[in-house]
$ cat query.cif   # mmCIF, C-alpha atoms
data_upload
#
loop_
_atom_site.label_atom_id
_atom_site.label_comp_id
_atom_site.auth_asym_id
_atom_site.auth_seq_id
_atom_site.Cartn_x
_atom_site.Cartn_y
_atom_site.Cartn_z
CA MET A 33 108.64 153.12 293.58
CA LYS A 34 111.99 154.95 293.34
CA ILE A 35 113.00 154.33 296.93
CA GLU A 36 112.44 150.55 296.74
CA THR A 37 114.28 150.32 293.42
CA ARG A 38 117.28 152.27 294.72
CA LEU A 39 117.34 150.39 298.00
CA PHE A 40 118.12 147.22 296.06
CA LEU A 41 119.93 148.45 292.93
CA TRP A 42 122.46 150.56 294.81
CA GLY A 43 123.57 147.46 296.65
CA THR A 44 124.79 145.85 293.40
CA PRO A 45 128.02 147.85 292.87
CA LEU A 46 128.76 147.62 296.59
CA PHE A 47 128.64 143.83 296.64
CA VAL A 48 130.51 143.43 293.33
CA LEU A 49 133.22 145.78 294.60
CA ALA A 50 133.39 143.93 297.91
CA GLY A 51 133.85 140.66 295.95
CA VAL A 52 136.72 142.13 293.91
CA VAL A 53 138.45 143.58 296.98
CA TYR A 54 138.02 140.24 298.75
CA GLY A 55 139.46 138.48 295.71
CA PHE A 56 142.62 140.62 295.78
CA MET A 57 142.99 140.27 299.55
CA THR A 58 142.89 136.47 299.30
CA ASP A 59 144.96 136.32 296.07
CA TRP A 60 141.92 134.77 294.31
CA THR A 61 142.49 131.51 296.15
CA GLU A 62 139.17 131.44 297.99
CA PRO A 63 136.26 131.15 295.54
CA VAL A 64 133.39 131.13 298.06
CA GLY A 65 133.93 134.81 298.83
CA TYR A 66 134.81 136.18 295.41
CA LEU A 67 131.89 134.29 293.84
CA GLY A 68 129.38 134.61 296.67
CA MET A 69 129.67 138.35 297.20
CA PRO A 70 129.15 139.45 293.58
CA LEU A 71 126.23 137.02 293.39
CA VAL A 72 124.65 138.78 296.38
CA GLY A 73 124.93 141.77 294.05
CA GLY A 74 123.03 139.64 291.53
CA LEU A 75 120.36 138.96 294.14
CA VAL A 76 119.70 142.64 294.83
CA ALA A 77 120.03 143.48 291.12
CA MET A 78 117.26 141.01 290.27
CA ILE A 79 114.81 142.50 292.75
CA GLY A 80 115.85 146.09 292.00
CA ALA A 81 115.58 145.65 288.23
CA TYR A 82 112.17 144.03 288.61
CA LEU A 83 110.88 146.89 290.77
CA GLY A 84 112.36 149.47 288.39
CA LEU A 85 110.78 147.86 285.32
CA THR A 86 107.44 147.47 287.10
CA ALA A 87 107.46 151.11 288.21
CA ARG A 88 107.60 152.15 284.56
CA ARG A 89 104.46 150.19 283.73
CA ILE A 90 102.20 151.29 286.58
CA ASP A 91 101.04 154.66 287.84
CA ALA A 92 102.64 156.29 290.85
CA ARG A 93 101.19 154.82 294.04
CA PRO A 94 99.96 156.95 296.96
CA GLU A 95 103.13 155.92 298.79
CA ASP A 96 105.17 157.67 296.10
CA ASP A 97 103.42 161.00 296.69
CA PRO A 98 105.20 163.08 299.36
CA ASN A 99 101.89 164.81 300.09
CA GLY A 100 99.87 161.58 300.12
CA ASN A 101 97.56 160.68 302.97
CA ILE A 102 97.17 157.33 304.67
CA GLU A 103 93.62 156.91 303.40
CA ASP A 104 94.74 157.30 299.76
CA ALA A 105 96.22 153.82 299.96
CA ALA A 106 92.92 152.27 301.01
CA GLY A 107 91.56 149.37 298.99
CA ASP A 108 92.82 145.97 297.98
CA GLN A 109 96.52 145.24 298.05
CA GLY A 110 96.09 142.20 295.80
CA VAL A 111 94.24 138.90 295.69
CA TYR A 112 94.87 136.79 298.78
CA ALA A 113 93.17 133.66 300.05
CA PRO A 114 90.98 134.80 302.96
CA TRP A 115 91.63 131.47 304.63
CA SER A 116 92.98 128.13 303.47
CA TRP A 117 94.03 124.85 305.03
CA TRP A 118 96.14 123.80 302.07
CA PRO A 119 99.40 125.56 303.03
CA LEU A 120 99.25 123.63 306.31
CA ALA A 121 98.75 120.39 304.37
CA ILE A 122 101.74 121.24 302.14
CA ALA A 123 103.93 122.04 305.13
CA GLY A 124 102.87 118.78 306.78
CA SER A 125 103.64 116.73 303.68
CA ALA A 126 107.05 118.43 303.34
CA ALA A 127 107.76 117.53 306.97
CA ILE A 128 106.89 113.87 306.30
CA CYS A 129 109.13 113.88 303.19
CA PHE A 130 112.13 115.24 305.09
CA LEU A 131 111.46 112.86 307.93
CA GLY A 132 111.60 110.15 305.28
CA LEU A 133 115.09 111.29 304.18
CA ALA A 134 116.23 110.90 307.79
CA VAL A 135 114.36 107.73 308.77
CA GLY A 136 113.87 105.65 305.65
CA TRP A 137 112.55 105.73 302.12
CA TRP A 138 109.22 104.08 303.01
CA VAL A 139 108.30 107.22 305.02
CA PHE A 140 109.29 109.37 302.04
CA TYR A 141 106.90 107.50 299.74
CA ILE A 142 104.02 108.24 302.12
CA GLY A 143 105.10 111.90 302.23
CA PHE A 144 105.23 111.99 298.44
CA CYS A 145 101.62 110.77 298.15
CA VAL A 146 100.44 113.33 300.72
CA SER A 147 102.38 116.05 298.83
CA VAL A 148 100.59 115.28 295.60
CA ILE A 149 97.19 115.61 297.29
CA ALA A 150 98.21 118.79 299.14
CA LEU A 151 99.73 120.46 296.06
CA VAL A 152 96.77 119.67 293.82
CA GLY A 153 94.36 120.89 296.50
CA TRP A 154 96.29 124.11 296.99
CA VAL A 155 96.79 124.92 293.29
CA PHE A 156 93.18 124.24 292.33
CA GLU A 157 91.49 125.72 295.42
CA TYR A 158 90.38 128.84 293.51
CA SER A 159 89.59 127.00 290.27
CA ARG A 160 86.90 124.58 291.45
CA GLY A 161 83.82 124.26 293.67
CA ILE A 162 82.25 127.57 294.67
CA HIS A 163 85.27 129.41 293.21
CA SER A 164 85.05 127.85 289.74
CA HIS A 165 84.97 130.48 287.05
CA MET B 729 92.73 147.84 283.17
CA ALA B 730 94.65 147.10 280.02
CA VAL B 731 94.99 143.49 278.90
CA VAL B 732 98.78 143.38 279.19
CA SER B 733 98.89 144.81 282.68
CA THR B 734 98.49 141.43 284.42
CA ALA B 735 102.26 141.06 284.58
CA THR B 736 102.69 144.19 286.59
CA ALA B 737 99.40 145.02 288.25
CA ALA B 738 97.39 143.26 290.92
CA ALA B 739 94.51 141.19 289.56
CA ASN B 740 91.18 142.92 289.42
CA PRO B 741 88.23 140.54 289.64
CA THR B 742 84.87 142.24 289.29
CA HIS B 743 83.84 141.70 292.90
CA GLN B 744 86.77 143.72 294.16
CA HIS B 745 87.44 147.43 294.05
CA VAL B 746 91.10 147.99 293.32
CA THR B 747 91.54 151.71 293.57
CA VAL B 748 95.31 151.76 293.36
CA ASN B 749 97.31 150.15 290.55
CA ARG B 750 99.89 148.11 292.46
CA PRO B 751 102.57 145.60 291.53
CA ASN B 752 101.13 142.09 291.44
CA PRO B 753 102.09 140.53 294.78
CA VAL B 754 102.41 137.08 293.16
CA SER B 755 105.04 138.42 290.74
CA VAL B 756 106.90 140.29 293.49
CA GLY B 757 106.91 137.18 295.67
CA THR B 758 108.17 135.03 292.81
CA ILE B 759 111.04 137.42 292.03
CA VAL B 760 112.10 137.63 295.69
CA TRP B 761 112.00 133.84 295.95
CA LEU B 762 114.00 133.49 292.71
CA ALA B 763 116.60 135.88 294.15
CA SER B 764 117.00 133.47 297.06
CA GLU B 765 117.26 130.63 294.54
CA LEU B 766 120.14 132.55 292.98
CA MET B 767 121.97 132.26 296.30
CA PHE B 768 121.26 128.53 296.40
CA PHE B 769 123.01 128.14 293.06
CA ALA B 770 125.73 130.56 294.21
CA ALA B 771 126.53 128.04 296.94
CA LEU B 772 126.75 125.26 294.33
CA PHE B 773 129.09 127.36 292.16
CA ALA B 774 131.21 128.17 295.20
CA MET B 775 131.42 124.46 296.00
CA TYR B 776 132.38 123.62 292.42
CA PHE B 777 135.19 126.19 292.27
CA THR B 778 136.49 125.33 295.72
CA VAL B 779 136.86 121.66 294.80
CA ARG B 780 138.38 122.62 291.47
CA GLN B 781 141.00 124.72 293.28
CA THR B 782 141.91 122.09 295.85
CA MET B 783 141.89 119.02 293.60
CA PRO B 784 145.11 118.14 291.65
CA ALA B 785 144.72 119.72 288.19
CA GLU B 786 145.56 116.60 286.14
CA GLU B 787 143.14 114.49 288.18
CA TRP B 788 140.40 117.06 287.58
CA ALA B 789 141.16 117.20 283.85
CA ALA B 790 141.09 113.41 283.55
CA GLN B 791 137.55 113.36 284.94
CA ALA B 792 136.32 116.41 283.03
CA ASP B 793 137.51 114.91 279.75
CA LYS B 794 134.76 112.30 280.01
CA LEU B 795 132.08 114.89 279.30
CA ASN B 796 130.31 114.74 275.95
CA ILE B 797 130.33 118.37 274.82
CA THR B 798 128.43 117.88 271.54
CA PHE B 799 125.57 116.09 273.19
CA SER B 800 125.20 118.60 276.02
CA THR B 801 125.39 121.49 273.54
CA ILE B 802 122.37 120.12 271.67
CA ASN B 803 120.58 119.69 274.99
CA THR B 804 121.43 123.25 275.99
CA ILE B 805 120.12 124.66 272.70
CA VAL B 806 116.80 122.87 273.23
CA LEU B 807 116.50 124.30 276.75
CA VAL B 808 117.33 127.84 275.60
CA LEU B 809 114.77 127.59 272.78
CA SER B 810 112.16 126.40 275.28
CA SER B 811 112.47 129.76 277.01
CA PHE B 812 111.31 131.41 273.80
CA THR B 813 108.28 129.14 273.41
CA CYS B 814 107.52 129.75 277.09
CA GLN B 815 107.58 133.51 276.47
CA TRP B 816 105.20 133.01 273.56
CA ALA B 817 102.84 131.23 275.93
CA VAL B 818 103.04 134.32 278.16
CA PHE B 819 102.16 136.62 275.26
CA LYS B 820 99.11 134.49 274.53
CA ALA B 821 98.14 134.42 278.22
CA GLU B 822 98.35 138.22 278.32
CA GLN B 823 96.00 138.30 275.34
CA PHE B 824 93.70 135.90 277.27
CA LYS B 825 93.98 133.36 274.47
CA PRO B 826 94.17 129.88 276.05
CA SER B 827 93.74 127.66 272.99
CA ARG B 828 94.50 127.77 269.27
CA SER B 829 92.13 129.33 266.76
CA GLY B 830 93.28 127.25 263.78
CA LYS B 831 94.60 123.79 263.00
CA LEU B 832 97.29 122.21 265.17
CA TYR B 833 100.01 122.65 262.55
CA GLN B 834 99.19 126.37 262.14
CA PHE B 835 101.50 127.37 264.95
CA TRP B 836 100.85 131.07 264.35
CA THR B 837 97.30 130.55 265.63
CA TRP B 838 98.43 128.73 268.76
CA GLY B 839 97.21 129.78 272.18
CA MET B 840 98.81 129.48 275.60
CA HIS B 841 98.10 125.73 275.87
CA GLU B 842 99.92 124.83 272.68
CA TRP B 843 102.97 126.99 273.37
CA LEU B 844 103.23 125.74 276.93
CA THR B 845 102.87 122.11 275.84
CA MET B 846 105.67 122.74 273.33
CA THR B 847 107.79 124.17 276.16
CA TYR B 848 106.98 121.12 278.26
CA VAL B 849 108.08 118.75 275.50
CA MET B 850 111.37 120.62 275.09
CA GLY B 851 111.98 120.64 278.85
CA ALA B 852 111.22 116.92 279.01
CA PHE B 853 113.67 116.40 276.12
CA PHE B 854 116.33 118.18 278.17
CA ILE B 855 115.70 115.99 281.23
CA GLY B 856 115.67 112.84 279.09
CA GLY B 857 118.94 113.92 277.54
CA GLN B 858 120.46 114.55 280.92
CA ILE B 859 119.48 111.08 282.16
CA PHE B 860 121.02 109.59 279.01
CA GLU B 861 124.17 111.61 279.63
CA TYR B 862 124.35 110.46 283.26
CA ALA B 863 123.97 106.83 282.20
CA GLU B 864 126.81 107.25 279.72
CA LEU B 865 129.07 108.88 282.31
CA VAL B 866 128.35 106.19 284.89
CA GLU B 867 129.34 103.64 282.26
CA HIS B 868 132.65 105.47 281.88
CA GLY B 869 133.19 105.23 285.62
CA LEU B 870 132.14 108.74 286.66
CA THR B 871 129.68 108.44 289.54
CA ILE B 872 128.70 110.72 292.41
CA SER B 873 131.02 108.80 294.75
CA SER B 874 133.84 107.97 292.32
CA SER B 875 135.76 111.21 292.85
CA ALA B 876 135.38 114.77 294.13
CA TYR B 877 134.81 115.84 290.53
CA GLY B 878 131.95 113.36 290.19
CA SER B 879 130.39 114.71 293.38
CA VAL B 880 130.38 118.37 292.31
CA PHE B 881 129.36 117.49 288.75
CA TYR B 882 126.31 115.49 289.79
CA LEU B 883 125.36 117.87 292.60
CA THR B 884 125.39 121.00 290.41
CA THR B 885 123.78 119.51 287.29
CA GLY B 886 121.52 117.27 289.38
CA PHE B 887 120.07 120.10 291.45
CA HIS B 888 119.51 122.03 288.24
CA GLY B 889 117.81 118.99 286.74
CA LEU B 890 115.52 118.78 289.78
CA HIS B 891 114.62 122.44 289.23
CA VAL B 892 113.75 121.75 285.60
CA THR B 893 111.62 118.80 286.71
CA GLY B 894 109.88 121.09 289.20
CA GLY B 895 109.23 123.51 286.36
CA LEU B 896 107.68 120.71 284.29
CA ILE B 897 105.34 119.88 287.17
CA ALA B 898 104.49 123.58 287.48
CA PHE B 899 103.62 123.64 283.76
CA LEU B 900 101.17 120.80 284.34
CA PHE B 901 99.55 122.84 287.12
CA VAL B 902 99.39 125.94 284.88
CA LEU B 903 97.69 123.90 282.15
CA GLY B 904 95.41 122.26 284.72
CA ARG B 905 94.28 125.60 286.12
CA SER B 906 93.64 126.88 282.62
CA PHE B 907 91.63 123.79 281.64
CA ALA B 908 89.62 124.06 284.88
CA ALA B 909 88.61 127.65 284.12
CA LYS B 910 85.65 128.35 281.86
CA ARG B 911 86.86 131.91 281.44
CA PHE B 912 90.60 132.41 281.12
CA GLY B 913 91.28 135.46 283.28
CA HIS B 914 93.87 137.25 285.41
CA HIS B 915 94.10 134.31 287.81
CA GLU B 916 95.27 131.98 285.03
CA ALA B 917 97.41 134.60 283.28
CA THR B 918 99.26 135.42 286.51
CA THR B 919 100.07 131.73 287.03
CA THR B 920 101.44 131.49 283.50
CA ILE B 921 103.57 134.61 283.89
CA VAL B 922 105.18 133.75 287.23
CA THR B 923 105.91 130.18 286.05
CA SER B 924 107.64 131.69 283.03
CA TYR B 925 109.80 133.81 285.38
CA TYR B 926 110.88 130.59 287.05
CA TRP B 927 111.57 128.86 283.73
CA HIS B 928 113.66 131.76 282.42
CA PHE B 929 115.61 131.82 285.68
CA VAL B 930 116.36 128.10 285.56
CA ASP B 931 117.37 128.51 281.91
CA VAL B 932 119.81 131.33 282.70
CA VAL B 933 121.29 129.26 285.55
CA TRP B 934 121.85 126.41 283.10
CA ILE B 935 123.66 128.70 280.67
CA ALA B 936 126.02 129.67 283.51
CA LEU B 937 126.44 126.01 284.57
CA PHE B 938 127.05 124.91 280.98
CA ALA B 939 129.66 127.64 280.47
CA VAL B 940 131.47 126.73 283.69
CA ILE B 941 131.25 122.93 283.65
CA TYR B 942 131.44 122.11 279.96
CA LEU B 943 133.21 125.03 278.27
CA LEU B 944 135.53 126.32 281.00
CA GLN B 945 135.99 122.89 282.63
#

$ encode --input "query.cif" --output "structure tokens"
Amino acid sequence: MKIETRLFLWGTPLFVLAGVVYGFMTDWTEPVGYLGMPLVGGLVAMIGAYLGLTARRIDARPEDDPNGNIEDAAGDQGVYAPWSWWPLAIAGSAAICFLGLAVGWWVFYIGFCVSVIALVGWVFEYSRGIHSH
Amino acid sequence: MAVVSTATAAANPTHQHVTVNRPNPVSVGTIVWLASELMFFAALFAMYFTVRQTMPAEEWAAQADKLNITFSTINTIVLVLSSFTCQWAVFKAEQFKPSRSGKLYQFWTWGMHEWLTMTYVMGAFFIGGQIFEYAELVEHGLTISSSAYGSVFYLTTGFHGLHVTGGLIAFLFVLGRSFAAKRFGHHEATTTIVTSYYWHFVDVVWIALFAVIYLLQ
């Protein structure tokens, strides 16, 4: 996973440097830039460091092999829900909640109740019923 | 697949044939989302420093002097320690050990449930402390609309407090999933691990907020 790690990690010094240059150009009077830019460096550093640490703990993937073939990467990419209505329910409840912030608190309370149902349904979908294990 | 590899490798239930050892997509997604959360807090920091720069210094200092440093330091220590208990819960989850094997007071035999409940209690202590602190500050006349300082103080610490509350709810879901499972497996361990990523992140953000708001002022 070298390429993914570098793609993110090499951005860190760039953004930190850009923040410092920006700071000098504005005489350190404009905090949004000199704080925001180095923290973008933090953003890419987080992802890059995670990928780098993960790469150490797993074997090289077929994508990492310059002579690899497409079919080498066949198989599961991870565990995904084949289909589920719950994300739609969560999105709907979030929409009601935000509508409540705009319209009035009574709408928000309804949205909150729907959120609880949607979240519990989503989190426990693969822990109960035919999926219980 | 080794027991500890849940953190890094995609889950491998028996009905599936994982031929390639890949990063766990749940962990990758959580880290990418947390990186975007970092930018959310970056905006709050930017707001804080911008107001600090534009507000008259003596006015700012008069407001900031109302903060109770001792109390918030104790609160901070509890939150930082909760990260350690949370990590212990992760170790137990990686060993697929959901519950304790000894008596309740024998904390060295604790499983994931006990360590996570401990983390929950400490997180709840932090939130309770923050509410107490808010009540005290409001009594001293510092509210969200009393001054620009009040606005940035309550917005930064308040949004962090909401994140901690979200983490507490997530802990309940982690425990719920674990209690619902007869066999504690990769599904439950993954949930524990990614929730711990979130908790550590929120903890680190608080350390930065504490340093800026309370120590640097």

$ interface_residues --input "query.cif" --of "chain A" --to "chain B" --cutoff "9 Å" --atoms "only C-alpha atoms" --output "mmCIF file with C-alpha atoms, in the coordinates of the input"
data_model
loop_
_atom_site.group_PDB
_atom_site.id
_atom_site.type_symbol
_atom_site.label_atom_id
_atom_site.label_comp_id
_atom_site.auth_asym_id
_atom_site.auth_seq_id
_atom_site.Cartn_x
_atom_site.Cartn_y
_atom_site.Cartn_z
ATOM 1 C CA THR A 61 142.490 131.510 296.150
ATOM 2 C CA GLU A 62 139.170 131.440 297.990
ATOM 3 C CA PRO A 63 136.260 131.150 295.540
ATOM 4 C CA VAL A 64 133.390 131.130 298.060
ATOM 5 C CA GLY A 65 133.930 134.810 298.830
ATOM 6 C CA TYR A 66 134.810 136.180 295.410
ATOM 7 C CA LEU A 67 131.890 134.290 293.840
ATOM 8 C CA GLY A 68 129.380 134.610 296.670
ATOM 9 C CA LEU A 71 126.230 137.020 293.390
ATOM 10 C CA VAL A 72 124.650 138.780 296.380
ATOM 11 C CA GLY A 74 123.030 139.640 291.530
ATOM 12 C CA LEU A 75 120.360 138.960 294.140
ATOM 13 C CA VAL A 76 119.700 142.640 294.830
ATOM 14 C CA ALA A 77 120.030 143.480 291.120
ATOM 15 C CA MET A 78 117.260 141.010 290.270
ATOM 16 C CA ILE A 79 114.810 142.500 292.750
ATOM 17 C CA TYR A 82 112.170 144.030 288.610
ATOM 18 C CA LEU A 83 110.880 146.890 290.770
ATOM 19 C CA LEU A 85 110.780 147.860 285.320
ATOM 20 C CA THR A 86 107.440 147.470 287.100
ATOM 21 C CA ALA A 87 107.460 151.110 288.210
ATOM 22 C CA ARG A 89 104.460 150.190 283.730
ATOM 23 C CA ILE A 90 102.200 151.290 286.580
ATOM 24 C CA ASP A 91 101.040 154.660 287.840
ATOM 25 C CA ALA A 92 102.640 156.290 290.850
ATOM 26 C CA ARG A 93 101.190 154.820 294.040
ATOM 27 C CA PRO A 94 99.960 156.950 296.960
ATOM 28 C CA ASP A 104 94.740 157.300 299.760
ATOM 29 C CA ALA A 105 96.220 153.820 299.960
ATOM 30 C CA ALA A 106 92.920 152.270 301.010
ATOM 31 C CA GLY A 107 91.560 149.370 298.990
ATOM 32 C CA ASP A 108 92.820 145.970 297.980
ATOM 33 C CA GLN A 109 96.520 145.240 298.050
ATOM 34 C CA GLY A 110 96.090 142.200 295.800
ATOM 35 C CA VAL A 111 94.240 138.900 295.690
ATOM 36 C CA VAL A 152 96.770 119.670 293.820
ATOM 37 C CA VAL A 155 96.790 124.920 293.290
ATOM 38 C CA PHE A 156 93.180 124.240 292.330
ATOM 39 C CA TYR A 158 90.380 128.840 293.510
ATOM 40 C CA SER A 159 89.590 127.000 290.270
ATOM 41 C CA ARG A 160 86.900 124.580 291.450
ATOM 42 C CA SER A 164 85.050 127.850 289.740
ATOM 43 C CA HIS A 165 84.970 130.480 287.050
#

$ residues_around --input "query.cif" --residues "segment 784-796 of chain B" --least-positions-apart "2" --cutoff "9 Å" --atoms "all atoms listed in the file" --output "list in words"
Arg780, Gln781, Thr782, Thr798, Phe799, Ser800, Thr801, Glu861, Leu865, His868, Leu870, Ser875, Ala876, Tyr877, Gly878, Ile941, Tyr942 and Gln945 of chain B

$ write_last_selection --input "query.cif" --atoms "C-alpha atoms" --output "short mmCIF file (atom, residue, chain, number, x, y, z; two decimals), in the coordinates of the input"
data_model
loop_
_atom_site.label_atom_id
_atom_site.label_comp_id
_atom_site.auth_asym_id
_atom_site.auth_seq_id
_atom_site.Cartn_x
_atom_site.Cartn_y
_atom_site.Cartn_z
CA ARG B 780 138.38 122.62 291.47
CA GLN B 781 141.00 124.72 293.28
CA THR B 782 141.91 122.09 295.85
CA THR B 798 128.43 117.88 271.54
CA PHE B 799 125.57 116.09 273.19
CA SER B 800 125.20 118.60 276.02
CA THR B 801 125.39 121.49 273.54
CA GLU B 861 124.17 111.61 279.63
CA LEU B 865 129.07 108.88 282.31
CA HIS B 868 132.65 105.47 281.88
CA LEU B 870 132.14 108.74 286.66
CA SER B 875 135.76 111.21 292.85
CA ALA B 876 135.38 114.77 294.13
CA TYR B 877 134.81 115.84 290.53
CA GLY B 878 131.95 113.36 290.19
CA ILE B 941 131.25 122.93 283.65
CA TYR B 942 131.44 122.11 279.96
CA GLN B 945 135.99 122.89 282.63
#

$ residues_around --input "query.cif" --residues "Ile142 of chain A" --least-positions-apart "2" --cutoff "10 Å" --atoms "only C-alpha atoms" --output "mmCIF file with C-alpha atoms, keeping the file's coordinate frame"
data_model
loop_
_atom_site.group_PDB
_atom_site.id
_atom_site.type_symbol
_atom_site.label_atom_id
_atom_site.label_comp_id
_atom_site.auth_asym_id
_atom_site.auth_seq_id
_atom_site.Cartn_x
_atom_site.Cartn_y
_atom_site.Cartn_z
ATOM 1 C CA SER A 125 103.640 116.730 303.680
ATOM 2 C CA ILE A 128 106.890 113.870 306.300
ATOM 3 C CA CYS A 129 109.130 113.880 303.190
ATOM 4 C CA GLY A 132 111.600 110.150 305.280
ATOM 5 C CA TRP A 137 112.550 105.730 302.120
ATOM 6 C CA TRP A 138 109.220 104.080 303.010
ATOM 7 C CA VAL A 139 108.300 107.220 305.020
ATOM 8 C CA PHE A 140 109.290 109.370 302.040
ATOM 9 C CA PHE A 144 105.230 111.990 298.440
ATOM 10 C CA CYS A 145 101.620 110.770 298.150
ATOM 11 C CA VAL A 146 100.440 113.330 300.720
ATOM 12 C CA SER A 147 102.380 116.050 298.830
#

$ resolve_selection --input "query.cif" --expression "the PyMOL selection byres ((chain A and resi 121) around 9)" --output "VMD selection string"
chain A and resid 117 to 120 122 to 126 146 to 147 149 to 151 154

$ atom_distance --input "query.cif" --atom1 "atom CA of Phe768 of chain B" --atom2 "atom CA of Phe929 of chain B"
12.6 Å

$ resolve_selection --input "query.cif" --expression "the PyMOL selection byres ((chain B and resi 835-843) around 7)" --output "VMD selection string"
chain B and resid 813 to 814 816 to 818 820 to 821 825 to 830 832 to 834 844 to 847 903

$ atom_distance --input "query.cif" --atom1 "atom CA of Phe47 of chain A" --atom2 "atom CA of Met69 of chain A"
5.6 Å

$ residues_around --input "query.cif" --residues "Val932 of chain B" --least-positions-apart "2" --cutoff "12 Å" --atoms "all atoms listed in the file" --output "PyMOL selection string"
chain B and resi 762+766+769+804+807-811+888+892+925-930+934-939

$ atom_distance --input "query.cif" --atom1 "atom CA of Trp60 of chain A" --atom2 "atom CA of Met783 of chain B"
15.8 Å

$ axis_aligned_box --input "query.cif" --around "segment 77-90 of chain A" --padding-each-side "6 Å" --output "lines of an AutoDock Vina configuration file"
center_x = 111.1
center_y = 146.6
center_z = 288.2
size_x = 29.8
size_y = 23.1
size_z = 21.0

$ resolve_selection --input "query.cif" --expression "the PyMOL selection byres ((chain B and resi 853) around 12)" --output "ChimeraX atom specification"
/B:800,802-807,809-810,846-852,854-860,889,892-893,896

$ decode --input "query.cif" --residues "segment 791-796 of chain B" --atoms "all heavy atoms" --output "PDB file, in the first residue's frame"
ATOM      1  N   GLN B 791     -13.329  38.063  30.561  1.00  0.00           N
ATOM      2  CA  GLN B 791     -14.236  36.928  30.417  1.00  0.00           C
ATOM      3  C   GLN B 791     -13.519  35.613  30.728  1.00  0.00           C
ATOM      4  O   GLN B 791     -14.047  34.741  31.420  1.00  0.00           O
ATOM      5  CB  GLN B 791     -14.804  36.885  28.995  1.00  0.00           C
ATOM      6  CG  GLN B 791     -15.594  38.125  28.605  1.00  0.00           C
ATOM      7  CD  GLN B 791     -16.869  38.268  29.408  1.00  0.00           C
ATOM      8  OE1 GLN B 791     -17.460  37.293  29.859  1.00  0.00           O
ATOM      9  NE2 GLN B 791     -17.281  39.509  29.622  1.00  0.00           N
ATOM     10  N   ALA B 792     -12.294  35.487  30.185  1.00  0.00           N
ATOM     11  CA  ALA B 792     -11.560  34.224  30.329  1.00  0.00           C
ATOM     12  C   ALA B 792     -11.180  33.955  31.779  1.00  0.00           C
ATOM     13  O   ALA B 792     -10.998  32.804  32.179  1.00  0.00           O
ATOM     14  CB  ALA B 792     -10.310  34.244  29.451  1.00  0.00           C
ATOM     15  N   ASP B 793     -11.089  35.018  32.576  1.00  0.00           N
ATOM     16  CA  ASP B 793     -10.722  34.851  33.984  1.00  0.00           C
ATOM     17  C   ASP B 793     -11.796  34.123  34.781  1.00  0.00           C
ATOM     18  O   ASP B 793     -11.544  33.664  35.898  1.00  0.00           O
ATOM     19  CB  ASP B 793     -10.470  36.233  34.622  1.00  0.00           C
ATOM     20  CG  ASP B 793      -9.042  36.691  34.389  1.00  0.00           C
ATOM     21  OD1 ASP B 793      -8.231  35.841  33.966  1.00  0.00           O
ATOM     22  OD2 ASP B 793      -8.753  37.885  34.620  1.00  0.00           O
ATOM     23  N   LYS B 794     -12.999  34.030  34.226  1.00  0.00           N
ATOM     24  CA  LYS B 794     -14.090  33.363  34.946  1.00  0.00           C
ATOM     25  C   LYS B 794     -13.951  31.843  34.946  1.00  0.00           C
ATOM     26  O   LYS B 794     -14.656  31.156  35.677  1.00  0.00           O
ATOM     27  CB  LYS B 794     -15.434  33.756  34.316  1.00  0.00           C
ATOM     28  CG  LYS B 794     -15.800  35.212  34.539  1.00  0.00           C
ATOM     29  CD  LYS B 794     -17.076  35.572  33.806  1.00  0.00           C
ATOM     30  CE  LYS B 794     -17.420  37.047  34.030  1.00  0.00           C
ATOM     31  NZ  LYS B 794     -18.451  37.510  33.108  1.00  0.00           N
ATOM     32  N   LEU B 795     -13.070  31.330  34.093  1.00  0.00           N
ATOM     33  CA  LEU B 795     -12.943  29.872  33.976  1.00  0.00           C
ATOM     34  C   LEU B 795     -12.356  29.271  35.238  1.00  0.00           C
ATOM     35  O   LEU B 795     -11.462  29.848  35.874  1.00  0.00           O
ATOM     36  CB  LEU B 795     -12.049  29.510  32.778  1.00  0.00           C
ATOM     37  CG  LEU B 795     -12.552  29.945  31.406  1.00  0.00           C
ATOM     38  CD1 LEU B 795     -11.534  29.549  30.342  1.00  0.00           C
ATOM     39  CD2 LEU B 795     -13.896  29.325  31.097  1.00  0.00           C
ATOM     40  N   ASN B 796     -12.841  28.086  35.596  1.00  0.00           N
ATOM     41  CA  ASN B 796     -12.345  27.370  36.761  1.00  0.00           C
ATOM     42  C   ASN B 796     -11.330  26.318  36.287  1.00  0.00           C
ATOM     43  O   ASN B 796     -11.697  25.230  35.842  1.00  0.00           O
ATOM     44  CB  ASN B 796     -13.521  26.698  37.480  1.00  0.00           C
ATOM     45  CG  ASN B 796     -13.102  26.072  38.792  1.00  0.00           C
ATOM     46  OD1 ASN B 796     -11.915  25.838  39.026  1.00  0.00           O
ATOM     47  ND2 ASN B 796     -14.071  25.793  39.648  1.00  0.00           N
TER      48      ASN B 796
END
